[in-house]
>>> print(open('protein19.txt').read())   # compact mmCIF, C-alpha atoms
# COMPACT_ATOMS: atom_id res chain seq x y z
CA MET A 302 -23.58 6.11 -9.11
CA LYS A 303 -20.21 7.79 -9.60
CA GLN A 304 -17.49 5.70 -11.18
CA PHE A 305 -13.98 6.47 -9.96
CA SER A 306 -11.11 6.72 -12.42
CA PHE A 307 -9.39 3.52 -11.21
CA GLU A 308 -12.53 1.51 -11.99
CA LYS A 309 -12.06 2.37 -15.67
CA LEU A 310 -8.49 1.05 -15.75
CA ASN A 311 -8.19 -2.32 -17.45
CA VAL A 312 -5.24 -3.19 -15.21
CA TRP A 313 -7.37 -2.64 -12.10
CA GLN A 314 -10.17 -4.79 -13.55
CA LYS A 315 -7.72 -7.61 -14.33
CA SER A 316 -6.18 -7.32 -10.87
CA ARG A 317 -9.60 -7.51 -9.27
CA ALA A 318 -10.43 -10.65 -11.26
CA LEU A 319 -7.10 -12.17 -10.25
CA SER A 320 -7.93 -11.54 -6.58
CA VAL A 321 -11.17 -13.45 -6.97
CA MET A 322 -9.30 -16.33 -8.59
CA ILE A 323 -6.70 -16.38 -5.80
CA TYR A 324 -9.44 -16.57 -3.19
CA GLY A 325 -10.93 -19.50 -5.09
CA VAL A 326 -7.76 -21.53 -5.41
CA THR A 327 -6.62 -20.89 -1.85
CA LYS A 328 -9.91 -22.23 -0.48
CA LYS A 329 -8.49 -25.66 -1.31
CA TYR A 330 -5.26 -25.13 0.63
CA PRO A 331 -4.69 -27.13 3.83
CA PRO A 332 -6.26 -25.64 6.96
CA ASP A 333 -2.84 -25.23 8.57
CA GLU A 334 -1.96 -22.72 5.81
CA LYS A 335 -4.89 -20.45 6.75
CA PHE A 336 -2.62 -17.96 8.51
CA GLY A 337 0.40 -18.69 6.32
CA LEU A 338 0.48 -19.00 2.57
CA THR A 339 -3.28 -18.61 2.10
CA SER A 340 -3.31 -15.30 3.96
CA GLN A 341 -0.15 -14.04 2.26
CA MET A 342 -1.41 -14.82 -1.24
CA ARG A 343 -4.74 -13.18 -0.62
CA ARG A 344 -3.11 -10.06 0.78
CA SER A 345 -0.67 -9.87 -2.14
CA ALA A 346 -3.49 -10.19 -4.67
CA ILE A 347 -5.60 -7.56 -2.93
CA SER A 348 -2.57 -5.27 -2.68
CA ILE A 349 -2.21 -5.11 -6.46
CA ALA A 350 -5.69 -3.70 -7.09
CA SER A 351 -5.68 -1.62 -3.89
CA ASN A 352 -2.45 0.18 -4.74
CA ILE A 353 -3.66 0.90 -8.26
CA ALA A 354 -6.80 2.42 -6.77
CA GLU A 355 -4.95 4.38 -4.11
CA GLY A 356 -2.48 5.75 -6.62
CA THR A 357 -5.24 7.29 -8.71
CA GLY A 358 -6.17 9.41 -5.71
CA ARG A 359 -2.74 11.02 -5.55
CA HIS A 360 -2.15 14.38 -7.14
CA SER A 361 1.44 14.32 -8.29
CA PRO A 362 2.61 12.03 -11.10
CA LYS A 363 5.49 10.91 -8.88
CA ASP A 364 3.08 9.81 -6.12
CA LYS A 365 0.86 8.00 -8.62
CA ALA A 366 3.91 6.20 -10.03
CA ARG A 367 5.05 5.16 -6.55
CA PHE A 368 1.79 3.32 -5.89
CA THR A 369 2.09 1.66 -9.29
CA GLU A 370 5.57 0.47 -8.26
CA ILE A 371 4.13 -1.00 -5.08
CA ALA A 372 1.43 -2.80 -7.08
CA TYR A 373 4.14 -4.18 -9.38
CA GLY A 374 6.06 -5.48 -6.37
CA SER A 375 2.93 -7.22 -5.13
CA THR A 376 2.58 -9.02 -8.48
CA LEU A 377 6.08 -10.43 -8.10
CA GLU A 378 5.37 -11.40 -4.50
CA LEU A 379 2.24 -13.23 -5.63
CA LEU A 380 4.14 -14.97 -8.42
CA ASN A 381 6.68 -16.23 -5.90
CA GLN A 382 3.90 -17.49 -3.64
CA THR A 383 2.13 -19.31 -6.48
CA ILE A 384 5.37 -21.01 -7.53
CA LEU A 385 5.94 -22.08 -3.94
CA SER A 386 2.34 -23.30 -3.73
CA ASN A 387 2.96 -25.44 -6.79
CA ASP A 388 6.19 -26.78 -5.26
CA LEU A 389 4.21 -27.76 -2.16
CA GLU A 390 1.54 -29.35 -4.39
CA TYR A 391 -1.21 -27.03 -3.14
CA LEU A 392 -1.63 -25.50 -6.60
CA ASN A 393 -1.81 -27.60 -9.75
CA ASN A 394 0.20 -26.84 -12.90
CA THR A 395 -2.83 -25.64 -14.84
CA ASP A 396 -3.80 -23.05 -12.22
CA LEU A 397 -0.17 -21.99 -11.90
CA GLU A 398 0.04 -21.31 -15.63
CA ILE A 399 -3.26 -19.40 -15.65
CA ILE A 400 -2.10 -17.22 -12.76
CA ARG A 401 1.35 -16.70 -14.33
CA LYS A 402 -0.28 -15.55 -17.56
CA GLN A 403 -2.53 -13.11 -15.71
CA LEU A 404 0.41 -11.78 -13.69
CA SER A 405 2.44 -11.35 -16.87
CA GLU A 406 -0.36 -9.29 -18.44
CA ILE A 407 -0.79 -7.22 -15.29
CA THR A 408 2.93 -6.48 -14.95
CA ALA A 409 3.10 -5.35 -18.57
CA MET A 410 0.13 -3.07 -18.03
CA LEU A 411 1.59 -1.71 -14.79
CA ASP A 412 4.84 -0.98 -16.58
CA GLY A 413 2.96 1.03 -19.20
CA LEU A 414 0.95 2.86 -16.53
CA TYR A 415 4.11 3.69 -14.60
CA LYS A 416 5.79 5.16 -17.67
CA ALA A 417 2.68 7.18 -18.53
CA GLN A 418 2.48 8.54 -14.98
CA LEU A 419 6.10 9.66 -14.98
CA ASN A 420 5.67 11.37 -18.33
CA ALA A 421 2.49 13.19 -17.30
>>> encode(input="protein19.txt", output="structure tokens")
Amino acid sequence: MKQFSFEKLNVWQKSRALSVMIYGVTKKYPPDEKFGLTSQMRRSAISIASNIAEGTGRHSPKDKARFTEIAYGSTLELLNQTILSNDLEYLNNTDLEIIRKQLSEITAMLDGLYKAQLNA
């Protein structure tokens, strides 16, 4: 089976793993958050990996970099949502710190990818 270039990117792999974690932690959220914070967090997490993947299909370095920027924005959106989840006591401190660490790694990797794409 063919492996696409985005599947080889460590940042995509980490983003994919983060999405799985977000789905796991949001399963415990109150039912009335199903169409609120739960949905938003899941969409933000998926957006990170999806934009990385979509960007690899673009031909110009500028287009690739734009999708990396969008993925970066989604990481910050997800960070905001996890902090808010902790404030609302839906997410415990341990899970918050694990997610923050993963987001920090992903943003650093996205920054490097962005710079490499612009210099290509």
>>> residues_around(input="protein19.txt", residues="Met410 (chain A)", least_positions_apart="2", cutoff="12 Å", atoms="all atoms listed in the file", output="PyMOL selection string")
chain A and resi 310-316+349+353+369-370+372-373+376+403-408+412-417
>>> closest_atom_pairs(input="protein19.txt", of="region 380-403 of chain A", to="region 331-343 of chain A", cutoff="10 Å", atoms="all atoms listed in the file", output="CSV")
residue,atom,partner,partner_atom,distance
A:Leu380,CA,A:Met342,CA,9.1
A:Asn381,CA,A:Met342,CA,9.4
A:Gln382,CA,A:Met342,CA,6.4
A:Thr383,CA,A:Met342,CA,7.8
A:Leu385,CA,A:Leu338,CA,9.0
A:Ser386,CA,A:Leu338,CA,7.9
A:Tyr391,CA,A:Pro331,CA,7.8
>>> atom_distance(input="protein19.txt", atom1="CA of Ala421 (chain A)", atom2="CA of Phe368 (chain A)")
15.1 Å
>>> closest_residue(input="protein19.txt", among="A:Tyr324, A:Ala346, A:Ser306, A:Asn393", to="Ile371 (chain A)", atoms="only C-alpha atoms")
A:Ala346
>>> closest_residue(input="protein19.txt", among="A:Thr395, A:Gln418, A:Glu390, A:His360", to="Lys329 (chain A)", atoms="only C-alpha atoms")
A:Glu390
>>> closest_residue(input="protein19.txt", among="A:Ile347, A:Leu419, A:Met302, A:Ala354", to="Ala318 (chain A)", atoms="all atoms listed in the file")
A:Ile347
>>> closest_residue(input="protein19.txt", among="A:Leu319, A:Ala409, A:Ile399, A:Leu379", to="Ala350 (chain A)", atoms="only C-alpha atoms")
A:Leu319
>>> atom_distance(input="protein19.txt", atom1="CA of Gly356 (chain A)", atom2="CA of Val321 (chain A)")
21.1 Å
>>> atom_distance(input="protein19.txt", atom1="CA of Leu389 (chain A)", atom2="CA of Thr327 (chain A)")
12.8 Å
>>> closest_residue(input="protein19.txt", among="A:Lys363, A:Arg401, A:Lys303, A:Arg344", to="Ser375 (chain A)", atoms="only C-alpha atoms")
A:Arg344
>>> decode(input="protein19.txt", residues="region 328-389 of chain A", atoms="C-alpha atoms", output="compact mmCIF listing (two decimals), in the first residue's frame")
# COMPACT_ATOMS: atom_id res chain seq x y z
CA LYS A 328 -15.78 11.16 26.29
CA LYS A 329 -15.94 12.05 29.99
CA TYR A 330 -17.34 15.54 29.41
CA PRO A 331 -20.94 16.26 30.44
CA PRO A 332 -23.58 15.28 27.88
CA ASP A 333 -24.69 18.91 27.54
CA GLU A 334 -21.24 19.72 26.11
CA LYS A 335 -21.66 17.23 23.25
CA PHE A 336 -22.37 19.98 20.73
CA GLY A 337 -20.27 22.59 22.52
CA LEU A 338 -16.81 22.17 23.92
CA THR A 339 -16.56 18.45 23.11
CA SER A 340 -17.30 19.04 19.44
CA GLN A 341 -15.04 22.10 19.24
CA MET A 342 -12.07 20.32 20.81
CA ARG A 343 -12.43 17.32 18.58
CA ARG A 344 -12.66 19.47 15.47
CA SER A 345 -9.62 21.53 16.51
CA ALA A 346 -7.56 18.40 17.13
CA ILE A 347 -8.57 16.85 13.82
CA SER A 348 -7.85 20.14 12.05
CA ILE A 349 -4.19 20.04 13.06
CA ALA A 350 -3.45 16.70 11.39
CA SER A 351 -5.84 17.36 8.49
CA ASN A 352 -4.20 20.65 7.52
CA ILE A 353 -0.75 19.10 7.70
CA ALA A 354 -1.95 16.38 5.35
CA GLU A 355 -3.72 18.77 2.99
CA GLY A 356 -0.70 21.05 2.83
CA THR A 357 1.52 18.26 1.56
CA GLY A 358 -0.75 17.97 -1.46
CA ARG A 359 -0.12 21.56 -2.51
CA HIS A 360 2.48 22.34 -5.13
CA SER A 361 3.85 25.73 -4.18
CA PRO A 362 5.90 26.25 -1.02
CA LYS A 363 3.69 29.23 -0.17
CA ASP A 364 0.54 27.07 -0.32
CA LYS A 365 2.16 24.36 1.79
CA ALA A 366 3.20 26.97 4.37
CA ARG A 367 -0.33 28.40 4.50
CA PHE A 368 -1.79 25.06 5.55
CA THR A 369 0.94 24.73 8.16
CA GLU A 370 -0.11 28.15 9.51
CA ILE A 371 -3.70 26.95 9.74
CA ALA A 372 -2.58 23.82 11.62
CA TYR A 373 -0.60 26.04 14.01
CA GLY A 374 -3.70 28.15 14.64
CA SER A 375 -5.67 25.01 15.44
CA THR A 376 -3.09 24.03 18.07
CA LEU A 377 -3.59 27.36 19.83
CA GLU A 378 -7.36 27.00 19.57
CA LEU A 379 -7.11 23.55 21.16
CA LEU A 380 -4.85 24.87 23.91
CA ASN A 381 -7.41 27.54 24.74
CA GLN A 382 -10.17 24.93 24.84
CA THR A 383 -8.19 22.61 27.13
CA ILE A 384 -7.45 25.47 29.53
CA LEU A 385 -11.14 26.36 29.57
CA SER A 386 -12.02 22.69 30.12
CA ASN A 387 -9.72 22.66 33.12
CA ASP A 388 -11.31 25.88 34.43
CA LEU A 389 -14.72 24.19 34.14
